[in-house]
Structure formats: structure tokens, C-alpha cells
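Structure data follow from input-v3.cif (mmCIF, C-alpha atoms):
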data_start
#
loop_
_atom_site.group_PDB
_atom_site.id
_atom_site.type_symbol
_atom_site.label_atom_id
_atom_site.label_comp_id
_atom_site.auth_asym_id
_atom_site.auth_seq_id
_atom_site.Cartn_x
_atom_site.Cartn_y
_atom_site.Cartn_z
ATOM 1 C CA MET U 1133 13.073 3.831 -22.693
ATOM 2 C CA LYS U 1134 12.788 1.682 -19.576
ATOM 3 C CA ARG U 1135 9.777 2.345 -17.360
ATOM 4 C CA VAL U 1136 9.817 2.318 -13.560
ATOM 5 C CA LEU U 1137 6.793 2.498 -11.306
ATOM 6 C CA LEU U 1138 7.235 4.037 -7.860
ATOM 7 C CA ILE U 1139 4.367 3.426 -5.459
ATOM 8 C CA ILE U 1140 3.743 6.086 -2.812
ATOM 9 C CA ALA U 1141 1.149 6.509 -0.081
ATOM 10 C CA GLN U 1142 -1.660 8.983 -0.671
ATOM 11 C CA ARG U 1143 -0.734 10.590 2.649
ATOM 12 C CA ASN U 1144 2.619 10.565 4.426
ATOM 13 C CA TYR U 1145 4.970 9.062 1.866
ATOM 14 C CA GLN U 1146 8.635 9.737 2.688
ATOM 15 C CA ASP U 1147 9.559 12.774 0.571
ATOM 16 C CA LEU U 1148 13.326 12.229 0.663
ATOM 17 C CA GLU U 1149 13.074 8.554 -0.245
ATOM 18 C CA LEU U 1150 10.933 9.436 -3.249
ATOM 19 C CA SER U 1151 13.128 12.293 -4.471
ATOM 20 C CA GLY U 1152 16.426 10.471 -3.891
ATOM 21 C CA THR U 1153 15.280 7.302 -5.628
ATOM 22 C CA ARG U 1154 13.502 9.081 -8.481
ATOM 23 C CA ASP U 1155 16.400 11.459 -9.168
ATOM 24 C CA VAL U 1156 18.830 8.555 -9.634
ATOM 25 C CA LEU U 1157 16.392 6.728 -11.930
ATOM 26 C CA LEU U 1158 15.768 9.837 -14.042
ATOM 27 C CA GLU U 1159 19.497 10.572 -14.314
ATOM 28 C CA ALA U 1160 19.979 7.016 -15.596
ATOM 29 C CA GLY U 1161 17.426 7.670 -18.356
ATOM 30 C CA PHE U 1162 14.445 5.791 -16.955
ATOM 31 C CA ALA U 1163 10.864 7.022 -17.339
ATOM 32 C CA VAL U 1164 9.365 7.201 -13.834
ATOM 33 C CA GLU U 1165 5.641 6.963 -13.135
ATOM 34 C CA LEU U 1166 3.851 7.169 -9.778
ATOM 35 C CA ALA U 1167 0.966 5.106 -8.426
ATOM 36 C CA SER U 1168 -0.960 5.271 -5.177
ATOM 37 C CA SER U 1169 -4.239 4.076 -3.683
ATOM 38 C CA LYS U 1170 -5.945 6.346 -6.177
ATOM 39 C CA ALA U 1171 -4.753 8.616 -8.977
ATOM 40 C CA GLY U 1172 -4.239 12.258 -8.097
ATOM 41 C CA GLU U 1173 -2.721 14.256 -5.293
ATOM 42 C CA CYS U 1174 -0.432 12.625 -2.742
ATOM 43 C CA ARG U 1175 1.067 14.453 0.239
ATOM 44 C CA GLY U 1176 4.436 13.687 1.733
ATOM 45 C CA LYS U 1177 5.355 13.443 5.386
ATOM 46 C CA PHE U 1178 7.377 16.664 4.992
ATOM 47 C CA GLY U 1179 4.836 18.562 2.876
ATOM 48 C CA GLY U 1180 5.739 17.479 -0.644
ATOM 49 C CA ILE U 1181 2.921 17.214 -3.143
ATOM 50 C CA GLU U 1182 3.027 14.712 -5.998
ATOM 51 C CA GLN U 1183 0.493 13.496 -8.529
ATOM 52 C CA ALA U 1184 -0.055 9.754 -8.771
ATOM 53 C CA ASP U 1185 -0.475 8.831 -12.430
ATOM 54 C CA PHE U 1186 -2.435 5.677 -11.594
ATOM 55 C CA ALA U 1187 -4.479 3.968 -8.921
ATOM 56 C CA LEU U 1188 -2.972 0.656 -7.801
ATOM 57 C CA ARG U 1189 -5.966 -1.219 -9.260
ATOM 58 C CA ASP U 1190 -5.020 0.088 -12.720
ATOM 59 C CA VAL U 1191 -1.365 -0.984 -12.614
ATOM 60 C CA VAL U 1192 -0.378 -3.522 -15.274
ATOM 61 C CA VAL U 1193 2.791 -4.993 -13.781
ATOM 62 C CA LYS U 1194 4.219 -6.433 -17.014
ATOM 63 C CA GLU U 1195 4.387 -2.926 -18.531
ATOM 64 C CA TYR U 1196 7.254 -2.002 -16.165
ATOM 65 C CA ASP U 1197 10.944 -2.818 -16.094
ATOM 66 C CA CYS U 1198 11.092 -2.184 -12.347
ATOM 67 C CA ILE U 1199 8.620 -1.514 -9.513
ATOM 68 C CA ALA U 1200 9.443 -0.074 -6.092
ATOM 69 C CA PHE U 1201 7.477 0.834 -2.982
ATOM 70 C CA ILE U 1202 8.550 4.071 -1.275
ATOM 71 C CA GLY U 1203 8.320 4.203 2.525
ATOM 72 C CA GLY U 1204 7.058 6.693 5.050
ATOM 73 C CA PRO U 1205 4.335 6.274 7.681
ATOM 74 C CA GLY U 1206 1.597 6.051 5.053
ATOM 75 C CA ALA U 1207 3.190 3.034 3.365
ATOM 76 C CA ALA U 1208 2.176 0.745 6.244
ATOM 77 C CA ALA U 1209 -1.395 0.633 4.912
ATOM 78 C CA PHE U 1210 -0.171 -1.080 1.739
ATOM 79 C CA ALA U 1211 0.806 -4.166 3.787
ATOM 80 C CA SER U 1212 -2.909 -5.036 3.945
ATOM 81 C CA ASP U 1213 -3.929 -3.572 0.568
ATOM 82 C CA PRO U 1214 -4.909 -6.373 -1.843
ATOM 83 C CA GLU U 1215 -3.820 -4.360 -4.896
ATOM 84 C CA ALA U 1216 -0.382 -3.566 -3.446
ATOM 85 C CA LEU U 1217 0.076 -7.241 -2.555
ATOM 86 C CA ARG U 1218 -1.043 -8.262 -6.070
ATOM 87 C CA ILE U 1219 1.513 -5.937 -7.649
ATOM 88 C CA ALA U 1220 4.331 -7.263 -5.457
ATOM 89 C CA ASN U 1221 3.359 -10.874 -6.190
ATOM 90 C CA GLU U 1222 3.039 -10.373 -9.935
ATOM 91 C CA ALA U 1223 6.375 -8.555 -10.136
ATOM 92 C CA ALA U 1224 8.151 -11.272 -8.145
ATOM 93 C CA ARG U 1225 6.625 -14.091 -10.212
ATOM 94 C CA ALA U 1226 7.575 -12.324 -13.456
ATOM 95 C CA GLU U 1227 11.097 -11.675 -12.100
ATOM 96 C CA ILE U 1228 10.651 -7.932 -12.617
ATOM 97 C CA PRO U 1229 13.064 -6.061 -10.328
ATOM 98 C CA LEU U 1230 11.133 -5.210 -7.178
ATOM 99 C CA GLY U 1231 12.173 -2.735 -4.504
ATOM 100 C CA ALA U 1232 10.997 -1.447 -1.153
ATOM 101 C CA ILE U 1233 12.565 1.112 1.176
ATOM 102 C CA CYS U 1234 12.057 2.160 4.823
ATOM 103 C CA ILE U 1235 9.008 0.344 6.243
ATOM 104 C CA ALA U 1236 7.837 -0.727 2.772
ATOM 105 C CA PRO U 1237 9.660 -4.099 2.900
ATOM 106 C CA ILE U 1238 6.826 -5.230 5.194
ATOM 107 C CA ILE U 1239 4.581 -4.985 2.109
ATOM 108 C CA LEU U 1240 6.823 -7.489 0.331
ATOM 109 C CA ALA U 1241 6.819 -9.708 3.428
ATOM 110 C CA LYS U 1242 3.022 -9.708 3.601
ATOM 111 C CA ALA U 1243 2.950 -10.470 -0.141
ATOM 112 C CA ARG U 1244 5.074 -13.509 0.762
ATOM 113 C CA VAL U 1245 7.880 -12.739 -1.675
ATOM 114 C CA LEU U 1246 10.738 -12.447 0.842
ATOM 115 C CA GLU U 1247 11.034 -16.002 2.139
ATOM 116 C CA GLY U 1248 14.698 -17.030 2.114
ATOM 117 C CA ARG U 1249 15.824 -13.530 1.054
ATOM 118 C CA ARG U 1250 18.360 -11.219 2.673
ATOM 119 C CA VAL U 1251 16.610 -7.888 3.248
ATOM 120 C CA THR U 1252 16.840 -4.644 5.158
ATOM 121 C CA ALA U 1253 14.331 -2.028 6.334
ATOM 122 C CA TRP U 1254 13.982 0.897 8.689
ATOM 123 C CA ASP U 1255 13.961 -0.771 12.073
ATOM 124 C CA GLY U 1256 13.908 2.021 14.640
ATOM 125 C CA ASP U 1257 11.508 0.174 16.933
ATOM 126 C CA GLY U 1258 12.491 -3.419 16.125
ATOM 127 C CA ARG U 1259 9.082 -4.305 14.704
ATOM 128 C CA GLN U 1260 10.106 -4.438 11.054
ATOM 129 C CA SER U 1261 13.025 -6.855 11.572
ATOM 130 C CA THR U 1262 10.777 -9.089 13.697
ATOM 131 C CA LEU U 1263 8.042 -9.124 11.054
ATOM 132 C CA LEU U 1264 10.479 -9.734 8.198
ATOM 133 C CA THR U 1265 12.000 -12.650 10.101
ATOM 134 C CA GLN U 1266 8.528 -14.077 10.832
ATOM 135 C CA TYR U 1267 7.896 -14.125 7.085
ATOM 136 C CA GLY U 1268 11.076 -16.076 6.407
ATOM 137 C CA ALA U 1269 13.499 -13.295 5.462
ATOM 138 C CA THR U 1270 16.958 -12.737 6.920
ATOM 139 C CA PHE U 1271 17.282 -9.176 8.239
ATOM 140 C CA THR U 1272 20.700 -7.699 7.358
ATOM 141 C CA GLY U 1273 20.494 -4.235 8.901
ATOM 142 C CA ASP U 1274 22.474 -2.930 5.903
ATOM 143 C CA SER U 1275 21.615 0.376 4.234
ATOM 144 C CA VAL U 1276 20.699 -1.521 1.035
ATOM 145 C CA SER U 1277 20.340 -5.261 0.472
ATOM 146 C CA VAL U 1278 20.053 -6.969 -2.914
ATOM 147 C CA ASP U 1279 18.942 -10.587 -3.152
ATOM 148 C CA GLY U 1280 17.981 -11.957 -6.527
ATOM 149 C CA ARG U 1281 15.591 -9.508 -8.183
ATOM 150 C CA ILE U 1282 14.649 -7.810 -4.870
ATOM 151 C CA VAL U 1283 16.221 -4.598 -3.540
ATOM 152 C CA THR U 1284 15.475 -3.246 -0.065
ATOM 153 C CA GLY U 1285 16.668 -0.050 1.604
ATOM 154 C CA ASN U 1286 16.590 1.144 5.195
ATOM 155 C CA GLY U 1287 15.472 4.758 4.856
ATOM 156 C CA PRO U 1288 16.013 8.226 3.403
ATOM 157 C CA ASP U 1289 19.803 8.226 3.786
ATOM 158 C CA ALA U 1290 19.912 5.119 1.572
ATOM 159 C CA ALA U 1291 17.566 6.459 -1.138
ATOM 160 C CA GLN U 1292 20.234 7.213 -3.735
ATOM 161 C CA GLU U 1293 22.052 3.922 -3.122
ATOM 162 C CA PHE U 1294 18.654 2.170 -3.343
ATOM 163 C CA GLY U 1295 17.984 3.971 -6.646
ATOM 164 C CA ARG U 1296 21.400 2.957 -8.018
ATOM 165 C CA ALA U 1297 20.717 -0.684 -7.106
ATOM 166 C CA LEU U 1298 17.376 -0.499 -8.958
ATOM 167 C CA VAL U 1299 19.140 1.002 -11.994
ATOM 168 C CA ARG U 1300 21.727 -1.799 -12.042
ATOM 169 C CA MET U 1301 19.052 -4.456 -11.739
ATOM 170 C CA ALA U 1302 16.711 -3.004 -14.391
ATOM 171 C CA SER U 1303 19.397 -2.082 -16.928
#

Would you put the structure from the file into C-alpha cells?
Amino acid sequence: MKRVLLIIAQRNYQDLELSGTRDVLLEAGFAVELASSKAGECRGKFGGIEQADFALRDVVVKEYDCIAFIGGPGAAAFASDPEALRIANEAARAEIPLGAICIAPIILAKARVLEGRRVTAWDGDGRQSTLLTQYGATFTGDSVSVDGRIVTGNGPDAAQEFGRALVRMAS
């Protein structure tokens, strides 16, 4: 069985992005595990409660067939988290399918894995597209963008499409 790691913020992950993405992955027969800053309880922006199986420091990237960062306000902290950046870098170098949705593509930008890539993100205030461009990416504004082994999505309405793109890439 293929294993997917979804990374969510300890506080204020985007509930709908997690559920939409995870549901598609589970329906496709993938085993889905969760990681966060630390193992244990995570709370969503809309009140969801999830249990992170692992702390980011304990993630062994090569054990997964796909890794994706889920957005929400809390995900912004991962853009300066050395463990989150390590995971993104290791996945990109190993050509493991790597995803990020909502504001989470900024994590991939800060990990310097988006240069020359076509990507999307939530861009309600224009800051994400500016940052992505500064790090060498081309901002598409699409609901989901796939470039090489990287999938990006623009928010909760794209979660299922994002999940389907991850399934196609990791299958």
C-alpha cells in the first residue's frame, strides 16, 4: 500500500483542505499519515481536531510515496521551520511527489524547490504570488498546477482536484 504524509499546522490548519485531500487519497487506496510540529492534537481553523502521528523532526522522507503540506493560517509558520524545509528539500531531491495547497506553497518556495516551476497558491492579498515569483516560480493563478513532481493548489475549493493530482503522480 502506498503511503502519503500530509503535514498540518498544530493550530489553524485548513479543515476543508485536509478532509478534501485526504478523502481522495483514501478512496484511491493510499495509507494517509499526519505530521505536525509535534505529535498529538492539532486544531483546525474551523474547529476540527486531528492527531498528528509524528513530529516533523521524526519524518523519514524516503518512507513515503507522496508528501503534501496542507494550508490554513497556521501553515505560514512552516515557511521558517527548519524541519519543514528539510522535508520539502529531501522530497524534491528524491523526486518524491510533493504538494502544497493554499498558502503552503510558500513553504516550498522558502525551501527553494520551486525555481522555474509553474505553481499556484491562495493569493487573496497578492503576497503569495509576489513571494513565489521572488523565489523563481511562475504564478499561474489556476486552481491546481502540476509541474514535474510538484503539485500546488489554491485553496479549499481545489482540495479534491489537488488530491486527485497527488494520486495520479504517486500511482

Fill in: Explicit residues for the PyMOL selection byres ((chain U and resi 1280) around 9) (as a list in words)
Glu1227, Pro1229, Arg1249, Val1278, Asp1279, Arg1281, Ile1282 and Val1283 of chain U

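When only C-alpha atoms are used to measure the gap to Gly1268 (chain U), the shortest distance among U:Ala1171, U:Ala1297, U:Ile1238, U:Ile1139 belongs to U:Ile1238.
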
Once you add 8 Å to each side, what are the centre and edge lengths of the axis-aligned box holding all listed atoms of region 1232-1248 of chain U? One decimal in Å, as AutoDock Vina command-line options, if you can.
--center_x 8.8 --center_y -7.4 --center_z 2.3 --size_x 27.7 --size_y 35.2 --size_z 23.9

Practice prompt. Please evaluate the PyMOL selection byres ((chain U and resi 1142-1155) around 9) against the structure above and give the resulting residues as a ChimeraX atom specification.
Written response: /U:1138,1140-1141,1156-1160,1164,1168-1181,1184,1202-1207,1233-1234,1287-1296,1298

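Relative to CA of Ala1216 (chain U), CA of Asp1185 (chain U) is found at 15.3 Å.
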
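Taking CA of Ala1302 (chain U) and CA of Ala1232 (chain U) as the two end points, the separation is 14.5 Å.
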
Item to complete: Any chance you could resolve the PyMOL selection byres ((chain U and resi 1272) around 8) against this file and give the residues as a list in words?
Response: Arg1250, Val1251, Thr1252, Thr1270, Phe1271, Gly1273, Asp1274 and Ser1277 of chain U

Would you pick out the contacts of Met1133 (chain U) at 8 Å or less, using all atoms listed in the file, so that residues sharing its chain but fewer than 4 positions from it are not included, and give the list as a CSV table (one decimal) with C-alpha atoms, in the coordinates of the input?
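Once everything was written out, this is out.csv:
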chain,number,residue,atom,x,y,z
U,1161,GLY,CA,17.4,7.7,-18.4
U,1162,PHE,CA,14.4,5.8,-17.0
U,1163,ALA,CA,10.9,7.0,-17.3

Item to complete: Find the residue from U:Lys1134, U:Arg1244, U:Arg1189, U:Arg1225 that sits nearest to Glu1165 (chain U); use all atoms listed in the file when measuring.
Response: U:Lys1134

Practice prompt. Kindly give the distance, in Å, that separates CA of Ser1275 (chain U) and CA of Asp1255 (chain U), rounded to a single decimal.
Written response: 11.0 Å

Would you list the contacts of Leu1217 (chain U) as an mmCIF file with C-alpha atoms, keeping the file's coordinate frame, taking every protein, DNA or RNA residue within 12 Å and counting all atoms listed in the file, but skipping same-chain residues closer than 3 positions in sequence?
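Wrote out-v7.cif, looks like this:
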data_model
loop_
_atom_site.group_PDB
_atom_site.id
_atom_site.type_symbol
_atom_site.label_atom_id
_atom_site.label_comp_id
_atom_site.auth_asym_id
_atom_site.auth_seq_id
_atom_site.Cartn_x
_atom_site.Cartn_y
_atom_site.Cartn_z
ATOM 1 C CA ILE U 1139 4.367 3.426 -5.459
ATOM 2 C CA LEU U 1188 -2.972 0.656 -7.801
ATOM 3 C CA ARG U 1189 -5.966 -1.219 -9.260
ATOM 4 C CA VAL U 1191 -1.365 -0.984 -12.614
ATOM 5 C CA VAL U 1193 2.791 -4.993 -13.781
ATOM 6 C CA PHE U 1201 7.477 0.834 -2.982
ATOM 7 C CA ALA U 1209 -1.395 0.633 4.912
ATOM 8 C CA PHE U 1210 -0.171 -1.080 1.739
ATOM 9 C CA ALA U 1211 0.806 -4.166 3.787
ATOM 10 C CA SER U 1212 -2.909 -5.036 3.945
ATOM 11 C CA ASP U 1213 -3.929 -3.572 0.568
ATOM 12 C CA PRO U 1214 -4.909 -6.373 -1.843
ATOM 13 C CA ALA U 1220 4.331 -7.263 -5.457
ATOM 14 C CA ASN U 1221 3.359 -10.874 -6.190
ATOM 15 C CA GLU U 1222 3.039 -10.373 -9.935
ATOM 16 C CA ALA U 1223 6.375 -8.555 -10.136
ATOM 17 C CA ALA U 1224 8.151 -11.272 -8.145
ATOM 18 C CA ALA U 1236 7.837 -0.727 2.772
ATOM 19 C CA PRO U 1237 9.660 -4.099 2.900
ATOM 20 C CA ILE U 1238 6.826 -5.230 5.194
ATOM 21 C CA ILE U 1239 4.581 -4.985 2.109
ATOM 22 C CA LEU U 1240 6.823 -7.489 0.331
ATOM 23 C CA ALA U 1241 6.819 -9.708 3.428
ATOM 24 C CA LYS U 1242 3.022 -9.708 3.601
ATOM 25 C CA ALA U 1243 2.950 -10.470 -0.141
ATOM 26 C CA ARG U 1244 5.074 -13.509 0.762
ATOM 27 C CA VAL U 1245 7.880 -12.739 -1.675
#

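Each of U:Val1192, U:Ala1253, U:Leu1246, U:Ala1187 was compared to Gln1266 (chain U) using all atoms listed in the file, and U:Leu1246 turns out to be the nearest.
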